[in-house]
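Please read the structure below before turning to the comments.
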Amino acid sequence: MTDKIVVAGVSVDTRHWIGGERVASDSTFTDHSPIDGQPIGEIARGGPAEAQAAVAAARAAFPAWAATARAERARILHAIADGVEKRIEELAIVETTDNGALLRSHRRGVMPRVAHNFRFFADWLLKLDHEDFQTRGHTNHVSWDPAGPCVLITPWNAPLMLSTWKVAPALAAGNSVVLKPAEWSPLTVSLLADIAAEAGLPAGVLNVVQGYGSEIGDALTSDPDVRRISFTGSVPTAKRIAASAAANLTPLSLELGGKSPLLVFADADLDLAVDLAVEQYDNAGQVCLAATRFLVEESVAEEFTRRFLAKAEGLKQGDPRDEATDIGPNIHSRQLEKIDGFVQRALADGARAVIGGHPKDGQYYAPTLLTDVAQDSEIVQEEVFGPVLTLQTFTTEEEAVRLANDTRFGLAATLATGDRERAERVSAKLVAGTVWVNCFFVRDLQAPFGGSRQSGVGREGGTWSFDFYCDLKNTVTAPNGWADHG
């Protein structure tokens with residue numbers, strides 16, 4: 001294999017990054033662009049040997065990085081952010097080519113957020129503190145001690161942003177990292193390794209290994225030298241990771257997607273509600289937080305549907321590099337087949353497609369809204385992860401809450417209502433890690449993020465990230481007993 005490929009004019013190294021050096025593998029896998037299905041290049045395909053080497057490098061680098069002063073760690077994280085900002089255009093076009101998300105979104109939102117991830121956790125580190133408190137005259141002092149090497153396994157739908165959401169707090173906390181990106185979108189994480197090295201991050205503090213699922217993942221998650229594992233992805237994979245980590249009691253943070261509801265009450269601003277609904281097609285429906293289940297009060301359901309269709313039918317689907325495109329392709333032909341399988345089974349069971357309901361040319365799936373769906377049906381209960389939404393109606397607030405909570409997931413919920421008291425009442429009853437009221441996808445990094453039920457384990461964000469990536473220590477000191485060296 002060649003060591004580097006050129007993607008839209010940007011040179012990307014396809015080897016692993018281990019211990020501050022590029023490392024090849026004996027075998028490779030082919031990375032394809034979802035835009036046209038064509039091969040982008042051959043990527044180093046790691047296995048147990050590369051996993052062990054990366055963890056060993058992280059273990060060796062950990063003591064010095066953990067001992068590095070907070071201010072110096074923060075300075076290096078800001079330098080990484082500077083490097084990201086200098087290469088926003090390169091990162092944006094490479095990621096769009098690799099995963100098919102909109103180029104305009106990468107330029108204006110996603111890549112600036114990548115830089116912000118590093119800046120936020122660098123700054124949060126410097127103010128991370130806990131006021132000492134007294135117990136019968138004894139002083140309690142809480143400290144956040146770096147935990148050790150961390151394995152971070154990230155998804156393909158927002159590869160760099162979701163990777164740095166984990167990498168930034170792990171590094172800020174003083175840990176070393178082994179990052180394993182999704183095999184369907186590995187390229188921008190490789191560029192991150194270059195940026196981090198240029199920023200002065202010591203060798204071995206950040207390692208990047210590429211490979212297919214369990215071929216490399218089992219070796220990473222079962223390694224006894226790994227002190228934390230953070231994973232974003234599917235429930236079945238999370239169960240495998242949890243089983244692998246159990247032998248060493250390695251703490252886990254799991255964000256596992258969902259089947260989130262959008263509740264629209266009759267007193268809502270319907271134009272706002274429709275805007276929120278159409279927004280759920282963002283990134284071709286490949287968003288874990290997406291409110292894919294519309295629950296609309298029966299008295300306004302017909303009007304809501306009419307306005308929704310008028311707006312959804314105006315969306316432009318096509319090449320994500322085109323500034324005018326609203327919806328790009330789905331990530332992989334296998335994912336497209338999975339999406340269509342869900343839809344065709346739902347249609348066979350009596351659902352009606354009021355828009356879409358079929359694939360288009362290449363890896364594009366028509367934006368779809370299904371009605372006449374039963375609450376216990378597969379299409380309502382299981383995550384599709386594509387541009388497929390369902391619509392059900394309710395007549396009472398109690399029914400709306402019951403339907404909203406009636407899945408095994410609990411990642412997020414979105415609520416449209418003009419009644420403040422109802423908003424407070426319903427929000428309190430919804431099972432979700434995040435509830436948005438008359439808005440969607442407003443995210444502050446200091447807020448806790450995670451899911452309930454099978455949408456995940458744990459919370460990250462702000463101090464919650466440091467709680468996870470650190471071993472919290474309480475030092476209790478007696479008020480006397482010191483030797484007199486006078």
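Just remember, in the structure tokens the first chain shown is A, the second B, etc., residues are 1-based per chain, and ligands are 1-based in the order shown.
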Just the residues within 12 Å of A:Glu297, please, counting only C-alpha atoms, with nothing from its chain fewer than 5 positions along; format it as a list in words. Leu262, Leu263, Val264, Phe265, Ala266, Asp267, Ala268, Leu270, Ala273, Glu302, Glu303, Phe304, Thr305, Leu391, Gln392, Thr393, Phe394, Thr395, Thr396, Glu397, Glu398, Glu399, Ala400, Val401, Leu403, Leu415, Ala416 and Thr417 of chain A
Residues near stretch 205-207 of chain A, anyone? I mean within 7 Å using only C-alpha atoms, not counting same-chain ones fewer than 4 positions away, as a PyMOL selection string. chain A and resi 17-19+54+58+61-62+176-179+201
Write out as a ChimeraX atom specification all residues of stretch 257-298 of chain A that backbone DSSP assigns to strand (DSSP E or B). /A:260-264,291-297
Keeping N, CA, C and O atoms for every residue in the selection just given, could you write it to a file as a PDB file, in the first residue's frame?
ATOM      1  N   SER A 260     -35.765   8.899  19.468  1.00  0.00           N
ATOM      2  CA  SER A 260     -36.287  10.039  20.221  1.00  0.00           C
ATOM      3  C   SER A 260     -37.580  10.579  19.625  1.00  0.00           C
ATOM      4  O   SER A 260     -37.781  10.562  18.406  1.00  0.00           O
ATOM      5  N   PRO A 261     -38.473  11.099  20.487  1.00  0.00           N
ATOM      6  CA  PRO A 261     -39.740  11.661  20.024  1.00  0.00           C
ATOM      7  C   PRO A 261     -39.677  13.176  19.834  1.00  0.00           C
ATOM      8  O   PRO A 261     -38.907  13.878  20.480  1.00  0.00           O
ATOM      9  N   LEU A 262     -40.541  13.656  18.929  1.00  0.00           N
ATOM     10  CA  LEU A 262     -40.880  15.075  18.828  1.00  0.00           C
ATOM     11  C   LEU A 262     -42.355  15.189  19.158  1.00  0.00           C
ATOM     12  O   LEU A 262     -43.213  14.684  18.412  1.00  0.00           O
ATOM     13  N   LEU A 263     -42.675  15.808  20.297  1.00  0.00           N
ATOM     14  CA  LEU A 263     -44.060  15.969  20.735  1.00  0.00           C
ATOM     15  C   LEU A 263     -44.567  17.332  20.290  1.00  0.00           C
ATOM     16  O   LEU A 263     -43.959  18.362  20.638  1.00  0.00           O
ATOM     17  N   VAL A 264     -45.636  17.356  19.534  1.00  0.00           N
ATOM     18  CA  VAL A 264     -46.222  18.608  19.035  1.00  0.00           C
ATOM     19  C   VAL A 264     -47.630  18.738  19.598  1.00  0.00           C
ATOM     20  O   VAL A 264     -48.532  17.961  19.252  1.00  0.00           O
ATOM     21  N   ALA A 291     -35.001  13.334  16.412  1.00  0.00           N
ATOM     22  CA  ALA A 291     -36.358  13.028  16.871  1.00  0.00           C
ATOM     23  C   ALA A 291     -37.093  12.367  15.713  1.00  0.00           C
ATOM     24  O   ALA A 291     -37.774  13.020  14.918  1.00  0.00           O
ATOM     25  N   THR A 292     -36.975  11.080  15.611  1.00  0.00           N
ATOM     26  CA  THR A 292     -37.487  10.349  14.453  1.00  0.00           C
ATOM     27  C   THR A 292     -38.950   9.956  14.589  1.00  0.00           C
ATOM     28  O   THR A 292     -39.558   9.510  13.614  1.00  0.00           O
ATOM     29  N   ARG A 293     -39.511  10.106  15.803  1.00  0.00           N
ATOM     30  CA  ARG A 293     -40.924   9.751  16.025  1.00  0.00           C
ATOM     31  C   ARG A 293     -41.717  11.021  16.283  1.00  0.00           C
ATOM     32  O   ARG A 293     -41.564  11.649  17.330  1.00  0.00           O
ATOM     33  N   PHE A 294     -42.554  11.418  15.335  1.00  0.00           N
ATOM     34  CA  PHE A 294     -43.413  12.576  15.531  1.00  0.00           C
ATOM     35  C   PHE A 294     -44.676  12.126  16.268  1.00  0.00           C
ATOM     36  O   PHE A 294     -45.386  11.224  15.813  1.00  0.00           O
ATOM     37  N   LEU A 295     -44.943  12.749  17.388  1.00  0.00           N
ATOM     38  CA  LEU A 295     -46.177  12.518  18.150  1.00  0.00           C
ATOM     39  C   LEU A 295     -46.939  13.840  18.142  1.00  0.00           C
ATOM     40  O   LEU A 295     -46.521  14.806  18.789  1.00  0.00           O
ATOM     41  N   VAL A 296     -48.023  13.888  17.377  1.00  0.00           N
ATOM     42  CA  VAL A 296     -48.707  15.143  17.106  1.00  0.00           C
ATOM     43  C   VAL A 296     -50.136  15.069  17.639  1.00  0.00           C
ATOM     44  O   VAL A 296     -50.846  14.086  17.411  1.00  0.00           O
ATOM     45  N   GLU A 297     -50.550  16.127  18.353  1.00  0.00           N
ATOM     46  CA  GLU A 297     -51.922  16.152  18.867  1.00  0.00           C
ATOM     47  C   GLU A 297     -52.903  16.049  17.699  1.00  0.00           C
ATOM     48  O   GLU A 297     -52.749  16.727  16.674  1.00  0.00           O
TER      49      GLU A 297
END
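Considering the residues A:Thr237, A:Gln454, A:Ser230, A:Ser143 and counting only C-alpha atoms, A:Arg408 has its shortest atom-to-atom contact with A:Gln454.
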DSSP on the backbone: which residues in stretch 143-381 of chain A end up as alpha helix (DSSP H)? Give the answer as a PyMOL selection string. chain A and resi 159-172+187-198+213-221+235-246+270-278+298-312+333-348+378-381
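With atom CA of A:Ala173 on one side and atom CA of A:Pro186 on the other, the separation reads 24.8 Å.
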